[in-house]
$ cat coords22.tsv   # TSV, N, CA and C atoms and all ligand atoms
chain	number	residue	atom	x	y	z
R	272	MET	N	0.84	-1.19	0.00
R	272	MET	CA	0.00	0.00	0.00
R	272	MET	C	0.89	1.25	0.00
R	273	ASP	N	0.48	2.23	-0.76
R	273	ASP	CA	1.28	3.43	-0.90
R	273	ASP	C	0.78	4.49	0.08
R	274	CYS	N	1.24	4.40	1.31
R	274	CYS	CA	0.76	5.33	2.34
R	274	CYS	C	1.93	6.10	2.92
R	275	LEU	N	1.86	7.42	2.82
R	275	LEU	CA	2.95	8.28	3.29
R	275	LEU	C	3.29	8.05	4.76
R	276	PHE	N	2.26	7.97	5.61
R	276	PHE	CA	2.56	7.87	7.04
R	276	PHE	C	3.01	6.46	7.42
R	277	CYS	N	2.60	5.42	6.68
R	277	CYS	CA	3.18	4.09	6.88
R	277	CYS	C	4.67	4.14	6.57
R	278	LYS	N	5.03	4.85	5.51
R	278	LYS	CA	6.45	4.96	5.13
R	278	LYS	C	7.23	5.72	6.20
R	279	ILE	N	6.63	6.74	6.77
R	279	ILE	CA	7.28	7.47	7.88
R	279	ILE	C	7.43	6.54	9.08
R	280	ALA	N	6.38	5.78	9.39
R	280	ALA	CA	6.43	4.86	10.55
R	280	ALA	C	7.52	3.80	10.35
R	281	LYS	N	7.73	3.37	9.10
R	281	LYS	CA	8.76	2.35	8.81
R	281	LYS	C	10.12	2.96	8.53
R	282	LYS	N	10.19	4.29	8.62
R	282	LYS	CA	11.43	5.05	8.39
R	282	LYS	C	11.95	4.89	6.95
R	283	GLU	N	11.02	4.65	6.04
R	283	GLU	CA	11.38	4.65	4.62
R	283	GLU	C	11.43	6.08	4.09
R	284	ILE	N	10.73	6.98	4.81
R	284	ILE	CA	10.79	8.42	4.52
R	284	ILE	C	11.20	9.10	5.82
R	285	ASP	N	12.09	10.08	5.72
R	285	ASP	CA	12.56	10.79	6.92
R	285	ASP	C	11.46	11.64	7.52
R	286	SER	N	11.47	11.73	8.82
R	286	SER	CA	10.60	12.69	9.50
R	286	SER	C	11.37	13.25	10.68
R	287	ASN	N	10.87	14.35	11.17
R	287	ASN	CA	11.48	14.98	12.33
R	287	ASN	C	10.74	14.44	13.56
R	288	THR	N	11.21	13.30	14.05
R	288	THR	CA	10.48	12.58	15.11
R	288	THR	C	10.77	13.19	16.47
R	289	VAL	N	9.71	13.40	17.25
R	289	VAL	CA	9.92	13.94	18.59
R	289	VAL	C	9.63	12.90	19.67
R	290	LEU	N	8.91	11.84	19.32
R	290	LEU	CA	8.62	10.78	20.30
R	290	LEU	C	8.29	9.51	19.52
R	291	GLU	N	8.81	8.38	20.01
R	291	GLU	CA	8.48	7.11	19.37
R	291	GLU	C	8.35	6.03	20.43
R	292	THR	N	7.30	5.23	20.30
R	292	THR	CA	7.15	4.03	21.13
R	292	THR	C	6.98	2.86	20.16
R	293	GLU	N	6.73	1.68	20.70
R	293	GLU	CA	6.57	0.51	19.83
R	293	GLU	C	5.43	0.72	18.82
R	294	ASP	N	4.38	1.38	19.26
R	294	ASP	CA	3.16	1.47	18.44
R	294	ASP	C	2.84	2.86	17.93
R	295	VAL	N	3.56	3.87	18.40
R	295	VAL	CA	3.17	5.27	18.14
R	295	VAL	C	4.37	6.08	17.67
R	296	MET	N	4.11	7.01	16.75
R	296	MET	CA	5.14	8.00	16.39
R	296	MET	C	4.54	9.39	16.45
R	297	VAL	N	5.36	10.33	16.90
R	297	VAL	CA	4.97	11.74	16.87
R	297	VAL	C	6.10	12.49	16.16
R	298	PHE	N	5.73	13.23	15.12
R	298	PHE	CA	6.74	13.93	14.33
R	298	PHE	C	6.22	15.31	13.93
R	299	LYS	N	7.16	16.17	13.50
R	299	LYS	CA	6.79	17.53	13.14
R	299	LYS	C	6.05	17.56	11.81
R	300	ASP	N	4.98	18.35	11.74
R	300	ASP	CA	4.27	18.55	10.48
R	300	ASP	C	5.19	19.33	9.54
R	301	ILE	N	5.20	18.91	8.28
R	301	ILE	CA	6.10	19.52	7.29
R	301	ILE	C	5.65	20.93	6.90
R	302	ASP	N	4.39	21.25	7.18
R	302	ASP	CA	3.82	22.55	6.78
R	302	ASP	C	3.09	23.14	7.99
R	303	PRO	N	3.86	23.59	9.00
R	303	PRO	CA	3.26	23.92	10.29
R	303	PRO	C	2.26	25.07	10.24
R	304	LYS	N	1.17	24.90	10.98
R	304	LYS	CA	0.13	25.92	11.07
R	304	LYS	C	0.13	26.62	12.43
R	305	ALA	N	1.15	26.34	13.22
R	305	ALA	CA	1.32	26.97	14.53
R	305	ALA	C	2.79	26.78	14.90
R	306	PRO	N	3.30	27.59	15.85
R	306	PRO	CA	4.72	27.43	16.24
R	306	PRO	C	5.06	26.00	16.65
R	307	VAL	N	4.12	25.32	17.32
R	307	VAL	CA	4.25	23.88	17.54
R	307	VAL	C	3.16	23.20	16.72
R	308	HIS	N	3.57	22.34	15.80
R	308	HIS	CA	2.59	21.57	15.00
R	308	HIS	C	3.18	20.18	14.76
R	309	LEU	N	2.64	19.23	15.51
R	309	LEU	CA	3.12	17.84	15.46
R	309	LEU	C	1.98	16.95	14.99
R	310	LEU	N	2.35	15.76	14.53
R	310	LEU	CA	1.36	14.75	14.15
R	310	LEU	C	1.65	13.49	14.94
R	311	ALA	N	0.62	12.98	15.61
R	311	ALA	CA	0.73	11.72	16.36
R	311	ALA	C	-0.01	10.64	15.58
R	312	ILE	N	0.68	9.54	15.29
R	312	ILE	CA	0.05	8.46	14.51
R	312	ILE	C	0.26	7.10	15.17
R	313	PRO	N	-0.69	6.19	14.94
R	313	PRO	CA	-0.39	4.79	15.24
R	313	PRO	C	0.50	4.27	14.11
R	314	LYS	N	1.44	3.39	14.42
R	314	LYS	CA	2.25	2.80	13.33
R	314	LYS	C	1.38	1.89	12.47
R	315	GLN	N	0.39	1.30	13.11
R	315	GLN	CA	-0.57	0.46	12.36
R	315	GLN	C	-1.41	1.33	11.45
R	316	HIS	N	-1.59	0.88	10.21
R	316	HIS	CA	-2.40	1.66	9.27
R	316	HIS	C	-3.88	1.47	9.53
R	317	ILE	N	-4.55	2.55	9.87
R	317	ILE	CA	-6.01	2.61	9.71
R	317	ILE	C	-6.29	3.96	9.06
R	318	LYS	N	-7.40	4.02	8.36
R	318	LYS	CA	-7.66	5.19	7.52
R	318	LYS	C	-8.00	6.44	8.35
R	319	SER	N	-8.81	6.24	9.34
R	319	SER	CA	-9.30	7.40	10.11
R	319	SER	C	-9.99	6.89	11.36
R	320	VAL	N	-10.56	7.83	12.10
R	320	VAL	CA	-11.38	7.48	13.27
R	320	VAL	C	-12.47	6.46	12.89
R	321	MET	N	-12.90	6.49	11.64
R	321	MET	CA	-13.99	5.60	11.23
R	321	MET	C	-13.59	4.13	11.22
R	322	GLU	N	-12.28	3.85	11.36
R	322	GLU	CA	-11.82	2.44	11.40
R	322	GLU	C	-11.20	2.10	12.75
R	323	VAL	N	-11.53	2.87	13.75
R	323	VAL	CA	-10.80	2.77	15.01
R	323	VAL	C	-10.98	1.39	15.67
R	324	GLU	N	-12.05	0.71	15.32
R	324	GLU	CA	-12.26	-0.63	15.90
R	324	GLU	C	-11.20	-1.62	15.43
R	325	LYS	N	-10.47	-1.31	14.35
R	325	LYS	CA	-9.42	-2.20	13.84
R	325	LYS	C	-8.10	-2.03	14.59
R	326	LEU	N	-8.00	-0.95	15.36
R	326	LEU	CA	-6.73	-0.62	16.01
R	326	LEU	C	-6.48	-1.57	17.18
R	327	ALA	N	-5.24	-2.03	17.30
R	327	ALA	CA	-4.90	-2.95	18.39
R	327	ALA	C	-5.20	-2.31	19.74
R	328	GLY	N	-5.57	-3.14	20.69
R	328	GLY	CA	-5.93	-2.67	22.03
R	328	GLY	C	-4.81	-1.86	22.67
R	329	GLY	N	-5.19	-0.75	23.26
R	329	GLY	CA	-4.22	0.06	24.00
R	329	GLY	C	-3.53	1.13	23.19
R	330	VAL	N	-3.63	1.06	21.86
R	330	VAL	CA	-2.85	2.01	21.04
R	330	VAL	C	-3.42	3.43	21.13
R	331	LEU	N	-4.74	3.53	21.18
R	331	LEU	CA	-5.32	4.89	21.31
R	331	LEU	C	-4.89	5.54	22.62
R	332	GLU	N	-4.91	4.74	23.70
R	332	GLU	CA	-4.46	5.27	25.00
R	332	GLU	C	-3.01	5.73	24.88
R	333	GLU	N	-2.20	4.92	24.21
R	333	GLU	CA	-0.78	5.25	24.06
R	333	GLU	C	-0.61	6.56	23.28
R	334	ILE	N	-1.42	6.74	22.26
R	334	ILE	CA	-1.36	7.99	21.49
R	334	ILE	C	-1.67	9.17	22.41
R	335	PHE	N	-2.73	9.06	23.19
R	335	PHE	CA	-3.12	10.21	24.03
R	335	PHE	C	-2.17	10.40	25.21
R	336	GLU	N	-1.58	9.31	25.69
R	336	GLU	CA	-0.54	9.47	26.72
R	336	GLU	C	0.67	10.19	26.12
R	337	SER	N	1.00	9.86	24.87
R	337	SER	CA	2.12	10.53	24.20
R	337	SER	C	1.83	12.02	24.03
R	338	ILE	N	0.59	12.32	23.65
R	338	ILE	CA	0.20	13.72	23.49
R	338	ILE	C	0.33	14.47	24.82
R	339	ALA	N	-0.14	13.86	25.88
R	339	ALA	CA	-0.07	14.51	27.20
R	339	ALA	C	1.38	14.71	27.63
R	340	LYS	N	2.22	13.74	27.35
R	340	LYS	CA	3.64	13.85	27.73
R	340	LYS	C	4.29	15.00	26.95
R	341	ILE	N	4.01	15.06	25.66
R	341	ILE	CA	4.58	16.13	24.83
R	341	ILE	C	4.08	17.50	25.31
R	342	ALA	N	2.79	17.58	25.61
R	342	ALA	CA	2.22	18.85	26.08
R	342	ALA	C	2.94	19.29	27.36
R	343	GLN	N	3.22	18.32	28.21
R	343	GLN	CA	3.96	18.61	29.45
R	343	GLN	C	5.38	19.06	29.12
R	344	ASP	N	6.08	18.26	28.32
R	344	ASP	CA	7.50	18.51	28.03
R	344	ASP	C	7.69	19.82	27.26
R	345	MET	N	6.74	20.16	26.38
R	345	MET	CA	6.90	21.36	25.55
R	345	MET	C	6.16	22.55	26.14
R	346	ASP	N	5.64	22.36	27.35
R	346	ASP	CA	5.02	23.47	28.07
R	346	ASP	C	3.79	24.01	27.34
R	347	LEU	N	2.96	23.10	26.87
R	347	LEU	CA	1.76	23.50	26.13
R	347	LEU	C	0.50	23.46	26.98
R	348	ALA	N	0.61	22.96	28.19
R	348	ALA	CA	-0.58	22.57	28.95
R	348	ALA	C	-1.57	23.71	29.15
R	349	ASP	N	-1.10	24.94	29.00
R	349	ASP	CA	-1.98	26.10	29.19
R	349	ASP	C	-2.96	26.29	28.03
R	350	GLY	N	-2.73	25.66	26.91
R	350	GLY	CA	-3.67	25.82	25.79
R	350	GLY	C	-3.10	25.24	24.51
R	351	PHE	N	-3.57	24.08	24.15
R	351	PHE	CA	-3.16	23.50	22.88
R	351	PHE	C	-4.36	22.79	22.28
R	352	ARG	N	-4.24	22.43	21.02
R	352	ARG	CA	-5.38	21.82	20.34
R	352	ARG	C	-4.96	20.49	19.70
R	353	VAL	N	-5.85	19.49	19.83
R	353	VAL	CA	-5.67	18.19	19.17
R	353	VAL	C	-6.80	18.06	18.16
R	354	VAL	N	-6.41	17.83	16.91
R	354	VAL	CA	-7.40	17.81	15.82
R	354	VAL	C	-7.20	16.56	14.99
R	355	THR	N	-8.28	15.89	14.64
R	355	THR	CA	-8.20	14.82	13.65
R	355	THR	C	-9.24	15.05	12.56
R	356	ASN	N	-8.78	15.58	11.45
R	356	ASN	CA	-9.67	15.81	10.32
R	356	ASN	C	-10.08	14.45	9.76
R	357	THR	N	-11.36	14.28	9.54
R	357	THR	CA	-11.88	12.98	9.11
R	357	THR	C	-12.72	13.16	7.86
R	358	GLY	N	-12.19	12.65	6.74
R	358	GLY	CA	-12.91	12.76	5.48
R	358	GLY	C	-12.53	14.04	4.73
R	359	ARG	N	-12.73	14.02	3.43
R	359	ARG	CA	-12.35	15.16	2.58
R	359	ARG	C	-13.07	16.43	3.00
R	360	GLY	N	-14.34	16.31	3.42
R	360	GLY	CA	-15.13	17.49	3.80
R	360	GLY	C	-14.52	18.24	4.98
R	361	ALA	N	-13.74	17.53	5.79
R	361	ALA	CA	-13.08	18.17	6.94
R	361	ALA	C	-11.62	18.47	6.65
R	362	GLY	N	-11.18	18.17	5.43
R	362	GLY	CA	-9.81	18.51	5.06
R	362	GLY	C	-8.79	17.41	5.26
R	363	GLN	N	-9.24	16.16	5.47
R	363	GLN	CA	-8.26	15.07	5.61
R	363	GLN	C	-7.58	14.84	4.27
R	364	SER	N	-6.24	14.95	4.26
R	364	SER	CA	-5.50	14.77	3.00
R	364	SER	C	-4.62	13.53	3.02
R	365	VAL	N	-4.34	12.98	4.20
R	365	VAL	CA	-3.55	11.74	4.31
R	365	VAL	C	-4.44	10.70	4.99
R	366	ASP	N	-4.68	9.59	4.27
R	366	ASP	CA	-5.63	8.59	4.77
R	366	ASP	C	-4.96	7.57	5.67
R	367	HIS	N	-4.30	8.06	6.71
R	367	HIS	CA	-3.73	7.24	7.79
R	367	HIS	C	-4.02	8.05	9.05
R	368	LEU	N	-4.73	7.44	10.00
R	368	LEU	CA	-5.17	8.19	11.19
R	368	LEU	C	-4.03	9.03	11.78
R	369	HIS	N	-4.31	10.29	12.01
R	369	HIS	CA	-3.31	11.16	12.64
R	369	HIS	C	-4.01	12.24	13.44
R	370	PHE	N	-3.35	12.61	14.52
R	370	PHE	CA	-3.84	13.67	15.39
R	370	PHE	C	-2.87	14.84	15.30
R	371	HIS	N	-3.38	15.98	14.84
R	371	HIS	CA	-2.57	17.20	14.86
R	371	HIS	C	-2.47	17.68	16.31
R	372	ILE	N	-1.29	18.07	16.73
R	372	ILE	CA	-1.08	18.71	18.04
R	372	ILE	C	-0.57	20.12	17.72
R	373	LEU	N	-1.39	21.11	18.06
R	373	LEU	CA	-1.06	22.50	17.71
R	373	LEU	C	-0.91	23.32	19.00
R	374	GLY	N	0.14	24.11	19.05
R	374	GLY	CA	0.33	24.89	20.26
R	374	GLY	C	1.15	26.14	20.04
R	375	LYS	N	1.22	26.94	21.10
R	375	LYS	CA	2.02	28.17	21.15
R	375	LYS	C	1.46	29.30	20.30
R	376	ARG	N	0.13	29.27	20.11
R	376	ARG	CA	-0.53	30.47	19.59
R	376	ARG	C	-1.97	30.46	20.06
R	377	LYS	N	-2.68	31.56	19.82
R	377	LYS	CA	-4.10	31.65	20.18
R	377	LYS	C	-4.92	30.87	19.17
R	378	PHE	N	-5.99	30.23	19.64
R	378	PHE	CA	-6.87	29.48	18.75
R	378	PHE	C	-8.28	30.04	18.84
R	379	ALA	N	-8.89	30.18	17.67
R	379	ALA	CA	-10.27	30.69	17.65
R	379	ALA	C	-11.25	29.53	17.87
R	380	TRP	N	-12.43	29.88	18.36
R	380	TRP	CA	-13.52	28.93	18.46
R	380	TRP	C	-14.80	29.62	18.07
R	381	PRO	N	-15.65	29.10	17.20
R	381	PRO	CA	-15.48	27.79	16.56
R	381	PRO	C	-14.35	27.78	15.54
R	382	PRO	N	-13.81	26.58	15.25
R	382	PRO	CA	-12.73	26.49	14.26
R	382	PRO	C	-13.27	26.73	12.87
R	383	GLY	N	-12.40	27.04	11.94
R	383	GLY	CA	-12.81	27.35	10.57
R	383	GLY	C	-13.17	26.10	9.78
L	1	LIG	P1	-4.63	16.33	7.09
L	1	LIG	O1	-4.70	17.33	5.97
L	1	LIG	O2	-5.48	16.63	8.27
L	1	LIG	O3	-4.85	14.92	6.55
L	1	LIG	O4	-3.14	16.39	7.63
L	1	LIG	C1	-2.05	15.89	6.93
L	1	LIG	C2	-0.86	16.66	7.38
L	1	LIG	O5	0.31	15.96	6.95
L	1	LIG	C3	-0.75	18.08	6.82
L	1	LIG	O6	-0.75	19.03	7.87
L	1	LIG	C4	0.59	18.06	6.06
L	1	LIG	O7	1.31	19.27	6.20
L	1	LIG	C5	1.31	16.90	6.74
L	1	LIG	N1	2.34	16.25	5.94
L	1	LIG	C6	2.28	15.89	4.63
L	1	LIG	N2	3.41	15.28	4.26
L	1	LIG	C7	4.23	15.25	5.36
L	1	LIG	C8	5.54	14.76	5.61
L	1	LIG	N3	6.28	14.15	4.67
L	1	LIG	N4	6.06	14.92	6.86
L	1	LIG	C9	5.33	15.54	7.82
L	1	LIG	N5	4.09	16.01	7.65
L	1	LIG	C10	3.54	15.88	6.43
L	2	ZN	ZN	-0.67	4.11	6.50
$ encode --input "coords22.tsv" --output "structure tokens" --more "lines below"
Ligand code: AMP
Ligand code: ZN
Amino acid sequence: MDCLFCKIAKKEIDSNTVLETEDVMVFKDIDPKAPVHLLAIPKQHIKSVMEVEKLAGGVLEEIFESIAKIAQDMDLADGFRVVTNTGRGAGQSVDHLHFHILGKRKFAWPPG
């Protein structure tokens, strides 16, 4: 399968990795939309939240624990955003589940 984030998870394509566990990778977004803009992914390929039942047990918890650790380490806890665009209508451009972690700027609500 030709999936960009699978290739990043297998290190076939370079990424700027900030955290890695057996099942999870967190790396810098190549086109940042905030001073801190990271992507947290399961190494296992699933398309989106809509396939979350296929994900191995514990991996979602591991992703969110990784996000919390990064927020702590990068001093984001005062205000950061976790986003998962799902489907073309919401702007999903890579069909491998990923959570954007955005921080170090003000965020509007509702989002655009
Ligand atoms: P989305 O549009 O929500 O599916 O998010 C995909 C994200 O992947 C975008 O923010 C892109 O900037 C980012 N992206 C695309 N290619 C790469 C890459 N090679 N390394 C890191 N981030 C990437
Ligand atoms: Zn993939």
$ select_by_dssp --input "coords22.tsv" --residues "chain R" --states "strand (DSSP E or B)" --output "list in words"
Thr288, Val289, Leu290, Glu291, Val295, Met296, Val297, Phe298, Lys299, Val307, His308, Leu309, Leu310, Ala311, Ile312, Pro313, Phe351, Arg352, Val353, Val354, Phe370, His371, Ile372, Leu373 and Gly374 of chain R
$ closest_residue --input "coords22.tsv" --among "R:Thr292, R:Gln363, R:Thr355, R:Gln343" --to "Leu310 in chain R" --atoms "only C-alpha atoms"
R:Thr355
$ closest_residue --input "coords22.tsv" --among "R:Pro303, R:Lys281, R:Leu275, R:Glu333" --to "Val365 in chain R" --atoms "all atoms listed in the file"
R:Leu275
$ residues_near_point --input "coords22.tsv" --point "(4.1, 5.7, 13.0)" --cutoff "6 Å" --atoms "all atoms listed in the file" --output "CSV table (one decimal) with N, CA and C atoms, keeping the file's coordinate frame"
chain,number,residue,atom,x,y,z
R,276,PHE,N,2.3,8.0,5.6
R,276,PHE,CA,2.6,7.9,7.0
R,276,PHE,C,3.0,6.5,7.4
R,279,ILE,N,6.6,6.7,6.8
R,279,ILE,CA,7.3,7.5,7.9
R,279,ILE,C,7.4,6.5,9.1
R,280,ALA,N,6.4,5.8,9.4
R,280,ALA,CA,6.4,4.9,10.6
R,280,ALA,C,7.5,3.8,10.4
R,281,LYS,N,7.7,3.4,9.1
R,281,LYS,CA,8.8,2.4,8.8
R,281,LYS,C,10.1,3.0,8.5
R,294,ASP,N,4.4,1.4,19.3
R,294,ASP,CA,3.2,1.5,18.4
R,294,ASP,C,2.8,2.9,17.9
R,295,VAL,N,3.6,3.9,18.4
R,295,VAL,CA,3.2,5.3,18.1
R,295,VAL,C,4.4,6.1,17.7
R,296,MET,N,4.1,7.0,16.8
R,296,MET,CA,5.1,8.0,16.4
R,296,MET,C,4.5,9.4,16.4
R,312,ILE,N,0.7,9.5,15.3
R,312,ILE,CA,0.0,8.5,14.5
R,312,ILE,C,0.3,7.1,15.2
R,313,PRO,N,-0.7,6.2,14.9
R,313,PRO,CA,-0.4,4.8,15.2
R,313,PRO,C,0.5,4.3,14.1
R,314,LYS,N,1.4,3.4,14.4
R,314,LYS,CA,2.2,2.8,13.3
R,314,LYS,C,1.4,1.9,12.5
R,315,GLN,N,0.4,1.3,13.1
R,315,GLN,CA,-0.6,0.5,12.4
R,315,GLN,C,-1.4,1.3,11.4
$ residues_around --input "coords22.tsv" --residues "range 337-341 of chain R" --least-positions-apart "5" --cutoff "12 Å" --atoms "only C-alpha atoms" --output "ChimeraX atom specification"
/R:288-299,307-313,330-332,346-354,369-374
$ residues_near_ligand --input "coords22.tsv" --ligand "ligand LIG 1 (chain L)" --cutoff "6 Å" --atoms "only C-alpha atoms and all ligand atoms" --output "PDB file with N, CA and C atoms, in the frame of the given file"
ATOM      1  N   SER R 286      11.470  11.730   8.820  1.00  0.00           N
ATOM      2  CA  SER R 286      10.600  12.690   9.500  1.00  0.00           C
ATOM      3  C   SER R 286      11.370  13.250  10.680  1.00  0.00           C
ATOM      4  N   LYS R 299       7.160  16.170  13.500  1.00  0.00           N
ATOM      5  CA  LYS R 299       6.790  17.530  13.140  1.00  0.00           C
ATOM      6  C   LYS R 299       6.050  17.560  11.810  1.00  0.00           C
ATOM      7  N   ASP R 300       4.980  18.350  11.740  1.00  0.00           N
ATOM      8  CA  ASP R 300       4.270  18.550  10.480  1.00  0.00           C
ATOM      9  C   ASP R 300       5.190  19.330   9.540  1.00  0.00           C
ATOM     10  N   ILE R 301       5.200  18.910   8.280  1.00  0.00           N
ATOM     11  CA  ILE R 301       6.100  19.520   7.290  1.00  0.00           C
ATOM     12  C   ILE R 301       5.650  20.930   6.900  1.00  0.00           C
ATOM     13  N   ASP R 302       4.390  21.250   7.180  1.00  0.00           N
ATOM     14  CA  ASP R 302       3.820  22.550   6.780  1.00  0.00           C
ATOM     15  C   ASP R 302       3.090  23.140   7.990  1.00  0.00           C
ATOM     16  N   ASN R 356      -8.780  15.580  11.450  1.00  0.00           N
ATOM     17  CA  ASN R 356      -9.670  15.810  10.320  1.00  0.00           C
ATOM     18  C   ASN R 356     -10.080  14.450   9.760  1.00  0.00           C
ATOM     19  N   GLY R 362     -11.180  18.170   5.430  1.00  0.00           N
ATOM     20  CA  GLY R 362      -9.810  18.510   5.060  1.00  0.00           C
ATOM     21  C   GLY R 362      -8.790  17.410   5.260  1.00  0.00           C
ATOM     22  N   GLN R 363      -9.240  16.160   5.470  1.00  0.00           N
ATOM     23  CA  GLN R 363      -8.260  15.070   5.610  1.00  0.00           C
ATOM     24  C   GLN R 363      -7.580  14.840   4.270  1.00  0.00           C
ATOM     25  N   SER R 364      -6.240  14.950   4.260  1.00  0.00           N
ATOM     26  CA  SER R 364      -5.500  14.770   3.000  1.00  0.00           C
ATOM     27  C   SER R 364      -4.620  13.530   3.020  1.00  0.00           C
ATOM     28  N   VAL R 365      -4.340  12.980   4.200  1.00  0.00           N
ATOM     29  CA  VAL R 365      -3.550  11.740   4.310  1.00  0.00           C
ATOM     30  C   VAL R 365      -4.440  10.700   4.990  1.00  0.00           C
TER      31      VAL R 365
END
$ residues_near_ligand --input "coords22.tsv" --ligand "ligand ZN 2 (chain L)" --cutoff "6 Å" --atoms "all atoms listed in the file" --output "JSON, numbers by chain"
{"R": [274, 275, 276, 277, 278, 315, 316, 317, 366, 367]}
$ atom_distance --input "coords22.tsv" --atom1 "atom N of Lys375 in chain R" --atom2 "CA of Ser319 in chain R"
24.8 Å
$ select_by_dssp --input "coords22.tsv" --residues "chain R" --states "alpha helix (DSSP H)" --output "list in words"
Leu275, Phe276, Cys277, Lys278, Ile279, Ala280, Val330, Leu331, Glu332, Glu333, Ile334, Phe335, Glu336, Ser337, Ile338, Ala339, Lys340, Ile341, Ala342, Gln343 and Asp344 of chain R
$ closest_residue --input "coords22.tsv" --among "R:Pro382, R:Lys377, R:Thr357, R:Met345" --to "Met321 in chain R" --atoms "all atoms listed in the file"
R:Thr357
$ atom_distance --input "coords22.tsv" --atom1 "atom C of Glu324 in chain R" --atom2 "atom C of Gly360 in chain R"
22.7 Å
$ axis_aligned_box --input "coords22.tsv" --around "range 295-306 of chain R" --padding-each-side "3 Å" --output "lines of an AutoDock Vina configuration file"
center_x = 3.6
center_y = 15.7
center_z = 12.6
size_x = 13.0
size_y = 29.7
size_z = 17.6
$ atom_distance --input "coords22.tsv" --atom1 "CA of Asp285 in chain R" --atom2 "atom N of Ala361 in chain R"
27.2 Å
$ build_atoms --input "coords22.tsv" --residues "range 320-334 of chain R" --atoms "N, CA, C and O atoms" --output "PDB file, keeping the file's coordinate frame"
ATOM      1  N   VAL R 320     -10.560   7.830  12.100  1.00  0.00           N
ATOM      2  CA  VAL R 320     -11.380   7.480  13.270  1.00  0.00           C
ATOM      3  C   VAL R 320     -12.470   6.460  12.890  1.00  0.00           C
ATOM      4  O   VAL R 320     -12.883   5.650  13.731  1.00  0.00           O
ATOM      5  N   MET R 321     -12.900   6.490  11.640  1.00  0.00           N
ATOM      6  CA  MET R 321     -13.990   5.600  11.230  1.00  0.00           C
ATOM      7  C   MET R 321     -13.590   4.130  11.220  1.00  0.00           C
ATOM      8  O   MET R 321     -14.450   3.262  11.116  1.00  0.00           O
ATOM      9  N   GLU R 322     -12.280   3.850  11.360  1.00  0.00           N
ATOM     10  CA  GLU R 322     -11.820   2.440  11.400  1.00  0.00           C
ATOM     11  C   GLU R 322     -11.200   2.100  12.750  1.00  0.00           C
ATOM     12  O   GLU R 322     -10.434   1.155  12.868  1.00  0.00           O
ATOM     13  N   VAL R 323     -11.530   2.870  13.750  1.00  0.00           N
ATOM     14  CA  VAL R 323     -10.800   2.770  15.010  1.00  0.00           C
ATOM     15  C   VAL R 323     -10.980   1.390  15.670  1.00  0.00           C
ATOM     16  O   VAL R 323     -10.117   0.948  16.433  1.00  0.00           O
ATOM     17  N   GLU R 324     -12.050   0.710  15.320  1.00  0.00           N
ATOM     18  CA  GLU R 324     -12.260  -0.630  15.900  1.00  0.00           C
ATOM     19  C   GLU R 324     -11.200  -1.620  15.430  1.00  0.00           C
ATOM     20  O   GLU R 324     -10.992  -2.659  16.071  1.00  0.00           O
ATOM     21  N   LYS R 325     -10.470  -1.310  14.350  1.00  0.00           N
ATOM     22  CA  LYS R 325      -9.420  -2.200  13.840  1.00  0.00           C
ATOM     23  C   LYS R 325      -8.100  -2.030  14.590  1.00  0.00           C
ATOM     24  O   LYS R 325      -7.175  -2.822  14.412  1.00  0.00           O
ATOM     25  N   LEU R 326      -8.000  -0.950  15.360  1.00  0.00           N
ATOM     26  CA  LEU R 326      -6.730  -0.620  16.010  1.00  0.00           C
ATOM     27  C   LEU R 326      -6.480  -1.570  17.180  1.00  0.00           C
ATOM     28  O   LEU R 326      -7.392  -1.880  17.943  1.00  0.00           O
ATOM     29  N   ALA R 327      -5.240  -2.030  17.300  1.00  0.00           N
ATOM     30  CA  ALA R 327      -4.900  -2.950  18.390  1.00  0.00           C
ATOM     31  C   ALA R 327      -5.200  -2.310  19.740  1.00  0.00           C
ATOM     32  O   ALA R 327      -5.077  -1.089  19.913  1.00  0.00           O
ATOM     33  N   GLY R 328      -5.570  -3.140  20.690  1.00  0.00           N
ATOM     34  CA  GLY R 328      -5.930  -2.670  22.030  1.00  0.00           C
ATOM     35  C   GLY R 328      -4.810  -1.860  22.670  1.00  0.00           C
ATOM     36  O   GLY R 328      -3.651  -2.231  22.585  1.00  0.00           O
ATOM     37  N   GLY R 329      -5.190  -0.750  23.260  1.00  0.00           N
ATOM     38  CA  GLY R 329      -4.220   0.060  24.000  1.00  0.00           C
ATOM     39  C   GLY R 329      -3.530   1.130  23.190  1.00  0.00           C
ATOM     40  O   GLY R 329      -2.922   2.045  23.754  1.00  0.00           O
ATOM     41  N   VAL R 330      -3.630   1.060  21.860  1.00  0.00           N
ATOM     42  CA  VAL R 330      -2.850   2.010  21.040  1.00  0.00           C
ATOM     43  C   VAL R 330      -3.420   3.430  21.130  1.00  0.00           C
ATOM     44  O   VAL R 330      -2.659   4.405  21.210  1.00  0.00           O
ATOM     45  N   LEU R 331      -4.740   3.530  21.180  1.00  0.00           N
ATOM     46  CA  LEU R 331      -5.320   4.890  21.310  1.00  0.00           C
ATOM     47  C   LEU R 331      -4.890   5.540  22.620  1.00  0.00           C
ATOM     48  O   LEU R 331      -4.555   6.721  22.652  1.00  0.00           O
ATOM     49  N   GLU R 332      -4.910   4.740  23.700  1.00  0.00           N
ATOM     50  CA  GLU R 332      -4.460   5.270  25.000  1.00  0.00           C
ATOM     51  C   GLU R 332      -3.010   5.730  24.880  1.00  0.00           C
ATOM     52  O   GLU R 332      -2.624   6.790  25.391  1.00  0.00           O
ATOM     53  N   GLU R 333      -2.200   4.920  24.210  1.00  0.00           N
ATOM     54  CA  GLU R 333      -0.780   5.250  24.060  1.00  0.00           C
ATOM     55  C   GLU R 333      -0.610   6.560  23.280  1.00  0.00           C
ATOM     56  O   GLU R 333       0.256   7.374  23.614  1.00  0.00           O
ATOM     57  N   ILE R 334      -1.420   6.740  22.260  1.00  0.00           N
ATOM     58  CA  ILE R 334      -1.360   7.990  21.490  1.00  0.00           C
ATOM     59  C   ILE R 334      -1.670   9.170  22.410  1.00  0.00           C
ATOM     60  O   ILE R 334      -0.928  10.167  22.443  1.00  0.00           O
TER      61      ILE R 334
END
